[in-house]
>>> print(open('data29.txt').read())   # compact mmCIF, C-alpha atoms
# COMPACT_ATOMS: atom_id res chain seq x y z
CA MET A 16 56.30 128.76 -95.14
CA LYS A 17 55.06 125.55 -93.57
CA ILE A 18 57.06 122.46 -94.52
CA SER A 19 55.80 119.00 -93.67
CA ILE A 20 57.78 115.80 -93.72
CA PRO A 21 56.25 113.27 -96.17
CA ALA A 22 56.41 109.51 -95.86
CA HIS A 23 59.46 109.15 -98.11
CA TRP A 24 61.66 111.44 -96.05
CA ARG A 25 64.58 109.10 -95.64
CA VAL A 26 67.59 108.70 -97.88
CA SER A 27 66.80 105.26 -99.22
CA ILE A 28 70.04 104.19 -100.88
CA ASP A 29 73.16 103.56 -98.82
CA ILE A 30 75.45 104.47 -101.68
CA GLU A 31 74.09 108.02 -101.58
CA ARG A 32 75.18 108.41 -97.97
CA ALA A 33 78.56 106.88 -98.73
CA SER A 34 79.19 109.23 -101.65
CA ALA A 35 78.13 112.23 -99.53
CA CYS A 36 80.52 111.18 -96.76
CA ILE A 37 83.40 110.84 -99.24
CA THR A 38 82.59 114.29 -100.62
CA TRP A 39 82.53 115.72 -97.09
CA MET A 40 85.92 114.19 -96.34
CA PHE A 41 87.58 115.63 -99.46
CA VAL A 42 86.01 119.08 -99.14
CA SER A 43 86.65 119.48 -95.42
CA GLY A 44 90.09 117.87 -95.62
CA SER A 45 91.26 120.12 -98.44
CA ALA A 46 89.89 123.23 -96.67
CA LEU A 47 91.74 122.32 -93.47
CA TYR A 48 94.91 121.69 -95.45
CA PHE A 49 94.76 125.16 -97.02
CA LEU A 50 93.91 126.77 -93.67
CA TYR A 51 96.84 125.07 -91.99
CA HIS A 52 99.29 126.46 -94.55
CA GLN A 53 97.64 129.89 -94.82
CA TYR A 54 97.17 130.49 -91.10
CA SER A 55 98.04 127.84 -88.52
CA PHE A 56 96.45 124.87 -86.83
CA MET A 57 95.61 126.88 -83.73
CA HIS A 58 94.19 129.84 -85.64
CA TRP A 59 90.57 130.61 -84.82
CA ARG A 60 89.51 130.09 -88.41
CA THR A 61 91.02 126.59 -88.46
CA LEU A 62 89.49 125.62 -85.13
CA SER A 63 86.12 127.07 -86.17
CA ALA A 64 86.30 125.15 -89.45
CA ILE A 65 86.96 121.88 -87.60
CA ALA A 66 83.94 122.48 -85.37
CA ILE A 67 81.68 123.41 -88.31
CA PHE A 68 82.77 120.42 -90.39
CA CYS A 69 82.11 118.05 -87.47
CA MET A 70 78.67 119.56 -86.88
CA LEU A 71 77.92 119.25 -90.60
CA ALA A 72 78.76 115.54 -90.39
CA VAL A 73 76.54 115.07 -87.34
CA THR A 74 73.58 116.89 -88.87
CA PHE A 75 73.94 114.95 -92.11
CA VAL A 76 73.90 111.62 -90.25
CA ILE A 77 70.72 112.65 -88.42
CA VAL A 78 68.76 113.91 -91.44
CA SER A 79 69.77 110.97 -93.66
CA ARG A 80 68.91 108.16 -91.25
CA HIS A 81 66.83 105.33 -92.69
CA ASP A 82 64.52 105.01 -89.72
CA HIS A 83 61.97 107.30 -88.08
CA SER A 84 64.07 108.07 -85.03
CA MET A 85 64.08 111.61 -83.65
CA PRO A 86 61.18 112.75 -85.87
CA SER A 87 60.77 116.12 -84.13
CA LEU A 88 64.46 116.96 -84.67
CA ARG A 89 64.72 116.05 -88.34
CA LEU A 90 63.42 119.25 -89.92
CA PRO A 91 65.19 121.68 -87.52
CA THR A 92 68.39 119.69 -88.00
CA LEU A 93 68.00 119.93 -91.78
CA TRP A 94 67.88 123.72 -91.63
CA ALA A 95 70.71 123.76 -89.09
CA MET A 96 72.80 121.86 -91.62
CA PHE A 97 72.02 124.52 -94.24
CA LEU A 98 73.04 127.34 -91.85
CA LEU A 99 76.29 125.54 -91.07
CA ALA A 100 77.01 125.21 -94.81
CA VAL A 101 76.46 128.96 -95.21
CA LEU A 102 78.52 129.76 -92.11
CA CYS A 103 81.57 127.85 -93.35
CA GLN A 104 81.47 129.91 -96.57
CA PHE A 105 81.32 133.07 -94.49
CA LEU A 106 84.34 132.09 -92.35
CA LEU A 107 86.52 130.46 -95.01
CA PRO A 108 87.62 132.04 -98.33
CA TYR A 109 86.98 128.97 -100.48
CA ALA A 110 84.12 129.12 -102.97
CA TYR A 111 84.00 125.35 -103.43
CA LEU A 112 82.63 124.99 -99.89
CA ALA A 113 79.24 125.61 -101.53
CA ILE A 114 79.41 121.89 -102.28
CA PHE A 115 77.96 121.39 -98.80
CA ILE A 116 74.80 123.18 -99.98
CA VAL A 117 74.73 120.83 -102.98
CA ILE A 118 74.74 117.86 -100.56
CA TRP A 119 72.00 119.55 -98.57
CA SER A 120 69.98 120.10 -101.76
CA ALA A 121 70.17 116.37 -102.51
CA ILE A 122 68.53 115.63 -99.15
CA LEU A 123 65.81 118.30 -99.42
CA PRO A 124 63.45 116.34 -101.79
CA TYR A 125 63.09 113.66 -99.10
CA TYR A 126 61.51 116.28 -96.82
CA VAL A 127 59.50 118.57 -99.12
CA ASN A 128 57.67 118.15 -102.41
CA TRP A 129 59.24 118.85 -105.78
CA LYS A 130 57.55 122.21 -106.36
CA THR A 131 58.87 123.51 -103.06
CA CYS A 132 62.36 122.34 -103.99
CA VAL A 133 62.24 124.28 -107.26
CA VAL A 134 61.00 127.40 -105.51
CA LEU A 135 63.73 127.14 -102.87
CA SER A 136 66.54 126.43 -105.33
CA ILE A 137 66.96 130.12 -106.32
CA PRO A 138 67.12 131.65 -102.80
CA LEU A 139 69.43 128.81 -101.75
CA ALA A 140 72.03 130.11 -104.22
CA LEU A 141 71.86 133.71 -102.93
CA PRO A 142 74.07 133.20 -99.83
CA THR A 143 76.90 131.97 -102.04
CA ILE A 144 76.59 135.02 -104.32
CA LEU A 145 76.38 137.49 -101.44
CA ILE A 146 79.21 135.99 -99.39
CA GLN A 147 81.59 135.58 -102.31
CA GLY A 148 80.82 139.07 -103.61
CA TRP A 149 80.66 141.17 -100.41
CA VAL A 150 82.73 139.25 -97.89
CA TRP A 151 85.48 137.83 -100.09
CA GLN A 152 85.27 140.38 -102.93
CA GLU A 153 85.08 137.67 -105.57
CA GLN A 154 84.63 139.28 -109.00
CA GLN A 155 82.86 136.26 -110.46
CA ALA A 156 80.52 135.80 -107.49
CA VAL A 157 77.38 135.85 -109.60
CA LEU A 158 78.77 133.27 -112.01
CA THR A 159 79.92 131.09 -109.13
CA GLY A 160 76.49 131.31 -107.50
CA ALA A 161 74.77 130.50 -110.80
CA LEU A 162 76.98 127.46 -111.33
CA PHE A 163 76.30 126.13 -107.87
CA TRP A 164 72.58 126.83 -108.38
CA THR A 165 72.68 124.45 -111.37
CA PHE A 166 74.49 121.89 -109.20
CA ASN A 167 71.83 122.28 -106.49
CA LEU A 168 69.04 121.87 -109.02
CA PHE A 169 70.71 118.83 -110.55
CA ALA A 170 71.07 117.22 -107.10
CA MET A 171 67.39 117.87 -106.39
CA ILE A 172 66.35 116.38 -109.73
CA MET A 173 68.41 113.24 -109.17
CA SER A 174 67.04 112.76 -105.66
CA ASN A 175 63.48 113.36 -106.84
CA THR A 176 63.98 110.81 -109.62
CA ALA A 177 65.34 108.29 -107.11
CA ILE A 178 62.32 108.86 -104.85
CA LYS A 179 59.87 108.36 -107.73
CA GLU A 180 61.66 105.20 -108.85
CA SER A 181 61.64 103.87 -105.31
CA LYS A 182 57.92 104.56 -104.95
CA ALA A 183 57.16 103.02 -108.34
CA ARG A 184 59.21 99.94 -107.52
CA GLU A 185 57.52 99.52 -104.15
CA GLU A 186 54.07 99.91 -105.71
CA ALA A 187 54.90 97.47 -108.51
CA ASP A 188 56.22 94.90 -106.03
CA ALA A 189 53.15 95.33 -103.84
CA LEU A 190 50.78 94.99 -106.78
CA ASN A 191 52.63 91.92 -108.01
CA ARG A 192 52.42 90.25 -104.61
CA GLN A 193 48.74 91.13 -104.33
CA LEU A 194 48.12 89.75 -107.83
CA LEU A 195 49.87 86.49 -107.04
CA SER A 196 47.98 86.07 -103.77
CA THR A 197 44.66 86.87 -105.48
CA GLN A 198 45.42 84.39 -108.27
CA GLN A 199 46.20 81.75 -105.68
CA LEU A 200 42.92 82.45 -103.90
CA MET A 201 40.98 82.32 -107.19
CA LYS A 202 42.64 79.02 -108.04
CA GLN A 203 41.63 77.66 -104.64
CA ALA A 204 38.08 78.96 -105.14
CA LEU A 205 37.78 77.33 -108.59
CA THR A 206 39.07 74.04 -107.19
CA GLN A 207 36.59 74.30 -104.34
CA ASP A 208 33.69 74.95 -106.72
CA GLU A 209 34.61 71.94 -108.85
CA ARG A 210 34.85 69.66 -105.83
CA LEU A 211 31.52 70.85 -104.49
CA ARG A 212 29.90 70.38 -107.91
CA ILE A 213 31.14 66.79 -108.07
CA ALA A 214 29.98 66.15 -104.50
CA ARG A 215 26.52 67.52 -105.27
CA ASN A 216 26.21 65.41 -108.43
CA ILE A 217 27.19 62.26 -106.56
CA HIS A 218 24.73 63.07 -103.80
CA ASP A 219 21.88 63.99 -106.12
CA VAL A 220 22.26 61.12 -108.60
CA LEU A 221 24.05 58.15 -107.09
CA GLY A 222 22.95 58.82 -103.52
CA HIS A 223 19.26 59.08 -104.42
CA HIS A 224 19.39 55.95 -106.56
CA LEU A 225 21.08 53.95 -103.83
CA THR A 226 18.49 55.16 -101.34
CA ALA A 227 15.68 54.04 -103.67
CA LEU A 228 17.41 50.69 -104.18
CA THR A 229 17.71 50.19 -100.42
CA ILE A 230 14.01 50.93 -99.91
CA ASN A 231 12.98 48.54 -102.71
CA LEU A 232 15.14 45.77 -101.33
CA GLN A 233 13.60 46.32 -97.90
CA VAL A 234 10.12 46.02 -99.44
CA ALA A 235 11.17 42.86 -101.28
CA SER A 236 12.39 41.38 -98.00
CA ARG A 237 9.04 42.13 -96.34
CA LYS A 238 7.13 40.52 -99.21
CA ALA A 239 9.35 37.42 -99.05
CA ASP A 240 8.23 36.99 -95.43
CA LEU A 241 4.67 36.51 -96.67
CA LEU A 242 5.64 33.48 -98.79
CA GLU A 243 5.65 30.08 -97.08
CA SER A 244 8.04 28.04 -99.13
CA THR A 245 11.64 26.95 -98.76
CA GLU A 246 12.52 28.75 -101.96
CA SER A 247 11.10 32.01 -100.60
CA GLN A 248 13.42 31.82 -97.60
CA ALA A 249 16.42 31.48 -99.93
CA ILE A 250 15.16 34.49 -101.91
CA LYS A 251 14.76 36.48 -98.68
CA GLN A 252 18.32 35.64 -97.69
CA HIS A 253 19.67 36.97 -101.01
CA VAL A 254 17.47 40.07 -100.76
CA GLU A 255 18.69 40.84 -97.24
CA GLN A 256 22.29 40.34 -98.37
CA SER A 257 21.71 42.74 -101.28
CA HIS A 258 20.06 45.18 -98.87
CA SER A 259 23.11 45.07 -96.60
CA ILE A 260 25.43 45.68 -99.55
CA ALA A 261 23.29 48.61 -100.73
CA LYS A 262 23.30 50.17 -97.25
CA LEU A 263 27.07 49.75 -97.04
CA LEU A 264 27.51 51.28 -100.50
CA LEU A 265 25.25 54.23 -99.53
CA SER A 266 27.31 54.74 -96.39
CA ASP A 267 30.51 54.69 -98.47
CA VAL A 268 29.05 57.25 -100.89
CA ARG A 269 28.08 59.57 -98.05
CA GLU A 270 31.54 59.22 -96.53
CA ALA A 271 33.14 59.98 -99.90
CA ILE A 272 30.93 63.07 -100.31
CA SER A 273 31.88 64.29 -96.84
CA ASP A 274 35.54 63.73 -97.65
CA ILE A 275 35.22 65.70 -100.91
CA ARG A 276 33.52 68.57 -99.10
CA GLU A 277 36.22 68.64 -96.41
CA ASN A 278 38.97 68.62 -99.01
CA ALA A 279 37.17 71.46 -100.77
CA ALA A 280 38.28 73.80 -97.99
CA ILE A 281 40.48 76.65 -99.19
CA ASP A 282 44.17 76.30 -98.47
CA PHE A 283 44.44 79.89 -97.30
CA SER A 284 48.12 79.62 -96.40
CA LEU A 285 49.06 79.37 -100.10
CA ALA A 286 47.50 82.75 -100.86
CA VAL A 287 49.09 84.37 -97.80
CA ASN A 288 52.53 82.94 -98.57
CA ALA A 289 52.27 84.37 -102.08
CA LEU A 290 51.54 87.77 -100.51
CA ILE A 291 54.58 87.80 -98.22
CA LYS A 292 57.04 85.93 -100.45
CA ASP A 293 60.29 87.82 -101.22
CA LEU A 294 59.15 90.75 -99.09
CA PRO A 295 62.23 92.85 -98.26
CA ARG A 296 60.60 94.50 -95.24
CA PRO A 297 59.11 93.87 -92.76
CA MET A 298 59.95 90.40 -91.54
CA VAL A 299 56.61 88.59 -91.35
CA ASN A 300 55.80 86.02 -88.69
CA LEU A 301 52.81 84.04 -90.00
CA HIS A 302 50.65 81.76 -87.88
CA ILE A 303 47.62 79.93 -89.31
CA ASP A 304 45.94 77.12 -87.37
CA ASP A 305 46.75 73.72 -88.84
CA ASP A 306 43.12 72.62 -88.47
CA LEU A 307 41.69 75.83 -89.97
CA MET A 308 38.65 75.06 -92.17
CA LEU A 309 37.92 77.96 -94.51
CA THR A 310 35.30 77.18 -97.16
CA ASN A 311 33.60 80.54 -97.68
CA VAL A 312 35.29 82.42 -100.54
CA ARG A 313 33.88 85.78 -99.41
CA ILE A 314 35.42 85.37 -95.96
CA ALA A 315 38.72 84.25 -97.48
CA ASP A 316 38.74 87.28 -99.79
CA CYS A 317 37.96 89.65 -96.91
CA LEU A 318 40.75 88.23 -94.77
CA LEU A 319 43.26 88.34 -97.62
CA ARG A 320 42.36 91.93 -98.57
CA SER A 321 42.70 92.97 -94.95
CA MET A 322 46.16 91.43 -94.76
CA GLN A 323 47.14 93.16 -97.99
CA GLU A 324 45.98 96.55 -96.74
CA ALA A 325 47.66 96.21 -93.35
CA LEU A 326 50.93 95.07 -94.90
CA THR A 327 50.84 97.89 -97.49
CA ASN A 328 50.31 100.45 -94.71
CA VAL A 329 53.25 99.09 -92.75
CA ILE A 330 55.54 99.29 -95.79
CA ARG A 331 54.42 102.74 -96.90
CA HIS A 332 53.88 104.57 -93.65
CA THR A 333 56.17 103.00 -91.05
CA GLN A 334 59.71 101.80 -90.59
CA ALA A 335 58.58 98.71 -88.65
CA HIS A 336 60.93 95.76 -89.12
CA TYR A 337 58.51 93.08 -87.86
CA PHE A 338 54.93 92.22 -88.70
CA SER A 339 52.88 89.40 -87.18
CA LEU A 340 49.84 87.74 -88.76
CA SER A 341 47.77 85.31 -86.73
CA LEU A 342 44.65 83.59 -88.11
CA THR A 343 42.74 81.23 -85.83
CA GLN A 344 39.35 79.53 -85.80
CA HIS A 345 37.67 79.58 -82.42
CA ASN A 346 34.10 79.37 -81.10
CA GLY A 347 32.51 79.47 -84.54
CA ALA A 348 34.47 82.48 -85.81
CA TYR A 349 37.66 83.43 -87.61
CA ASN A 350 40.01 85.68 -85.65
CA LEU A 351 42.67 87.65 -87.52
CA LEU A 352 45.22 89.60 -85.48
CA MET A 353 47.86 91.82 -87.11
CA HIS A 354 50.53 93.89 -85.45
CA ASP A 355 53.68 95.71 -86.55
CA SER A 356 56.68 96.49 -84.35
CA MET A 357 60.21 97.84 -84.44
CA VAL A 358 61.23 95.33 -81.76
CA PRO A 359 61.69 91.59 -82.48
CA HIS A 360 58.93 89.40 -81.02
CA ALA A 361 57.09 92.40 -79.53
CA ALA A 362 54.23 91.93 -81.96
CA ASP A 363 54.09 88.19 -81.30
CA GLU A 364 53.98 88.71 -77.54
CA THR A 365 51.17 91.23 -77.99
CA LEU A 366 49.10 88.78 -80.05
CA SER A 367 49.81 85.61 -78.10
CA GLY A 368 46.91 84.28 -76.10
CA GLU A 369 44.68 87.24 -76.88
CA GLN A 370 41.19 87.01 -78.32
CA PRO A 371 39.53 89.83 -80.24
CA SER A 372 36.86 90.12 -77.58
CA SER A 373 39.48 91.42 -75.16
CA ILE A 374 40.35 94.32 -77.46
CA PRO A 375 38.06 97.37 -77.28
CA LEU A 376 36.25 97.99 -80.55
CA PHE A 377 37.18 101.46 -81.76
CA ASP A 378 35.79 101.35 -85.29
CA LYS A 379 32.53 103.07 -84.26
CA ALA A 380 34.08 105.62 -81.89
CA PRO A 381 34.32 109.24 -83.04
CA CYS A 382 37.81 110.71 -83.23
CA SER A 383 39.92 113.02 -85.34
CA TYR A 384 42.03 110.71 -87.45
CA SER A 385 42.58 111.81 -91.05
CA GLU A 386 44.01 110.06 -94.09
CA ASP A 387 46.41 112.97 -94.69
CA ALA A 388 47.90 112.57 -91.26
CA TYR A 389 48.12 108.84 -91.77
CA SER A 390 49.91 109.18 -95.09
CA GLU A 391 52.56 111.54 -93.82
CA GLY A 392 54.19 109.33 -91.24
CA ALA A 393 54.23 106.14 -89.34
CA TYR A 394 51.19 104.83 -87.54
CA SER A 395 52.65 106.20 -84.33
CA GLU A 396 53.26 109.63 -85.85
CA GLY A 397 50.25 110.05 -88.09
CA VAL A 398 47.48 109.71 -85.52
CA ARG A 399 46.16 112.22 -83.06
CA LYS A 400 45.24 111.08 -79.58
CA GLU A 401 41.67 111.31 -78.38
CA ALA A 402 39.79 110.67 -75.20
CA GLY A 403 37.91 107.39 -75.13
CA PRO A 404 38.42 103.71 -74.36
CA ARG A 405 42.06 102.80 -74.03
CA GLU A 406 44.01 99.69 -73.34
CA SER A 407 46.96 101.61 -71.92
CA ASP A 408 48.20 105.15 -71.58
CA THR A 409 50.04 104.81 -74.87
CA SER A 410 46.98 103.69 -76.82
CA SER A 411 45.19 106.13 -79.08
CA LEU A 412 41.86 106.22 -80.82
CA VAL A 413 41.84 106.65 -84.57
CA VAL A 414 39.17 107.02 -87.19
CA ALA A 415 39.80 105.16 -90.42
CA GLY A 416 41.17 106.71 -93.57
CA ASN A 417 40.49 105.16 -96.97
CA GLY A 418 42.54 102.02 -96.31
CA LEU A 419 41.05 101.18 -92.93
CA LYS A 420 37.57 102.19 -94.10
CA GLY A 421 37.73 99.69 -96.94
CA MET A 422 38.84 97.02 -94.50
CA GLN A 423 36.03 98.00 -92.15
CA GLU A 424 33.37 97.85 -94.88
CA ARG A 425 34.42 94.37 -96.00
CA VAL A 426 34.31 93.05 -92.44
CA HIS A 427 30.92 94.63 -91.68
CA GLU A 428 29.43 93.12 -94.86
CA LEU A 429 30.15 89.71 -93.31
CA ASN A 430 28.62 90.71 -89.94
CA GLY A 431 32.09 90.81 -88.43
CA THR A 432 33.81 93.29 -86.14
CA ILE A 433 37.11 95.11 -86.50
CA SER A 434 39.19 97.05 -83.99
CA TRP A 435 42.49 98.90 -84.15
CA GLN A 436 44.79 100.49 -81.62
CA GLN A 437 47.91 102.58 -81.57
CA ILE A 438 50.05 101.24 -78.75
CA GLU A 439 53.63 101.67 -77.67
CA GLN A 440 54.89 98.68 -79.67
CA GLY A 441 53.15 99.67 -82.91
CA PHE A 442 49.75 99.50 -84.59
CA ARG A 443 47.41 96.56 -84.04
CA ILE A 444 44.33 95.41 -85.97
CA ALA A 445 41.92 92.68 -84.82
CA ILE A 446 39.20 91.19 -87.05
CA HIS A 447 36.44 88.82 -85.92
CA ILE A 448 34.21 87.17 -88.57
CA PRO A 449 31.59 84.47 -87.81
CA GLU A 450 31.91 81.23 -89.75
CA GLY A 451 28.26 80.97 -90.65
CA GLU A 452 28.32 84.05 -92.88
>>> encode(input="data29.txt", output="structure tokens")
Amino acid sequence: MKISIPAHWRVSIDIERASACITWMFVSGSALYFLYHQYSFMHWRTLSAIAIFCMLAVTFVIVSRHDHSMPSLRLPTLWAMFLLAVLCQFLLPYAYLAIFIVIWSAILPYYVNWKTCVVLSIPLALPTILIQGWVWQEQQAVLTGALFWTFNLFAMIMSNTAIKESKAREEADALNRQLLSTQQLMKQALTQDERLRIARNIHDVLGHHLTALTINLQVASRKADLLESTESQAIKQHVEQSHSIAKLLLSDVREAISDIRENAAIDFSLAVNALIKDLPRPMVNLHIDDDLMLTNVRIADCLLRSMQEALTNVIRHTQAHYFSLSLTQHNGAYNLLMHDSMVPHAADETLSGEQPSSIPLFDKAPCSYSEDAYSEGAYSEGVRKEAGPRESDTSSLVVAGNGLKGMQERVHELNGTISWQQIEQGFRIAIHIPEGE
């Protein structure tokens, strides 16, 4: 049977590990106490029990780690822990040592799906029945095995419930942040539309009338030149003064319209801050140019959706503790760089001083990336390496799954370009969108 490790393969609540450690201490301590009085401290059973209990503790610590360290050892270590739990029952005449299998059963749902857990729950109880019945001649071996089977199943159910609640909570939090950021962007867009409408009305009505008034006053001044009287010169002086005032007023109107249009730019940082506010993980380092002018709602929506997708992928599929977002405006284009990392400042150092043009564009290159592989591990573990353009030996080509494809489609609709790379420090995405779109 092939068992794959899903994304939620870690024990997510510290109290679960603490309770398991306390259980291990009481079970192993009591067993050693009975062995010491029944045999001796230097008896081979006692020494073997000490070694097995220590190895059980080590394997438990490895399989219940919160991070993605030692990914290739996790599943073998999980089954090694099960064999150690069976071995201690075989060497020691205490039926309650099956509690170690109960602890193991509580970890299993983090590695396999629920149906597999149910199927495995029955054969997992057989070693207890066989050992207690054949090795230790326990008359109630079947009843003991059945009782511990119920304990195993209960542990699996509780862990599966905790996993579902954790997923639901993460999805609800993500949706709430996305909703708040989208609402903020819509509010900015509505404010922008209202400002532009006012600016257009001022330009179309007041601006045109002032232009007509200026022209008429200029004509009146020319006609006053044709009159040869002292009174006509006084009239011309008043007309020229009115013409100057009208020109000044027209200039003020144009300046006010320009100011309204400039202030109509979207304050993109408000939407982004709503997206990353109260985010438990990762720690986000946000950089947006102070002089960034973003007036196109479609571009703003594309950039925000791309940030949402990248951040969601980091939360769901990696254990990265740091995530950097950098949005700049340079040479008539918007440049968005995103990078996750397990190491502080590694993402920032990767993004600093780097333009999207220096990153090879991989979004049109053929490779063997699949959404299933992406969803079952971190960026660094869910991709398969391919030959092709690379930035370094640790880089890898990937083809987009549903998330990256959606990001790619939005960018291409705006005549932009997108690239992504798997590198040693994490996963990096670069987006380049022209302003004129």
>>> closest_residue(input="data29.txt", among="A:Ile448, A:Leu141, A:Leu62, A:Leu93", to="Arg313 (chain A)", atoms="only C-alpha atoms")
A:Ile448
>>> atom_distance(input="data29.txt", atom1="CA of Leu265 (chain A)", atom2="CA of Thr310 (chain A)")
25.2 Å
>>> residues_near_point(input="data29.txt", point="(81.1, 119.1, -91.5)", cutoff="9 Å", atoms="all atoms listed in the file", output="list in words")
Trp39, Met40, Ser43, Ala64, Ile65, Ala66, Ile67, Phe68, Cys69, Met70, Leu71, Ala72, Val73, Thr74, Phe75, Met96, Leu99, Ala100, Cys103 and Phe115 of chain A
>>> residues_near_point(input="data29.txt", point="(47.2, 87.7, -88.2)", cutoff="7 Å", atoms="only C-alpha atoms", output="list in words")
Leu301, His302, Ser339, Leu340, Ser341, Leu342, Leu351, Leu352 and Met353 of chain A
>>> atom_distance(input="data29.txt", atom1="CA of Arg192 (chain A)", atom2="CA of Asn417 (chain A)")
20.6 Å
>>> atom_distance(input="data29.txt", atom1="CA of Leu307 (chain A)", atom2="CA of Ile438 (chain A)")
29.0 Å
>>> residues_around(input="data29.txt", residues="Phe49 (chain A)", least_positions_apart="2", cutoff="12 Å", atoms="all atoms listed in the file", output="PyMOL selection string")
chain A and resi 42-47+51-56+60-61+64+107-109
>>> residues_around(input="data29.txt", residues="Ile446 (chain A)", least_positions_apart="4", cutoff="8 Å", atoms="only C-alpha atoms", output="NGL selection string")
:A and (349-352 or 371 or 426 or 431-434)
>>> write_last_selection(input="data29.txt", atoms="C-alpha atoms", output="short mmCIF file (atom, residue, chain, number, x, y, z; two decimals), in the coordinates of the input")
data_model
loop_
_atom_site.label_atom_id
_atom_site.label_comp_id
_atom_site.auth_asym_id
_atom_site.auth_seq_id
_atom_site.Cartn_x
_atom_site.Cartn_y
_atom_site.Cartn_z
CA TYR A 349 37.66 83.43 -87.61
CA ASN A 350 40.01 85.68 -85.65
CA LEU A 351 42.67 87.65 -87.52
CA LEU A 352 45.22 89.60 -85.48
CA PRO A 371 39.53 89.83 -80.24
CA VAL A 426 34.31 93.05 -92.44
CA GLY A 431 32.09 90.81 -88.43
CA THR A 432 33.81 93.29 -86.14
CA ILE A 433 37.11 95.11 -86.50
CA SER A 434 39.19 97.05 -83.99
#
>>> residues_around(input="data29.txt", residues="Leu168 (chain A)", least_positions_apart="4", cutoff="7 Å", atoms="only C-alpha atoms", output="list in words")
Ser136, Trp164 and Ile172 of chain A
>>> closest_residue(input="data29.txt", among="A:Ala121, A:Ala110, A:Leu225, A:Ile444", to="Ala177 (chain A)", atoms="all atoms listed in the file")
A:Ala121
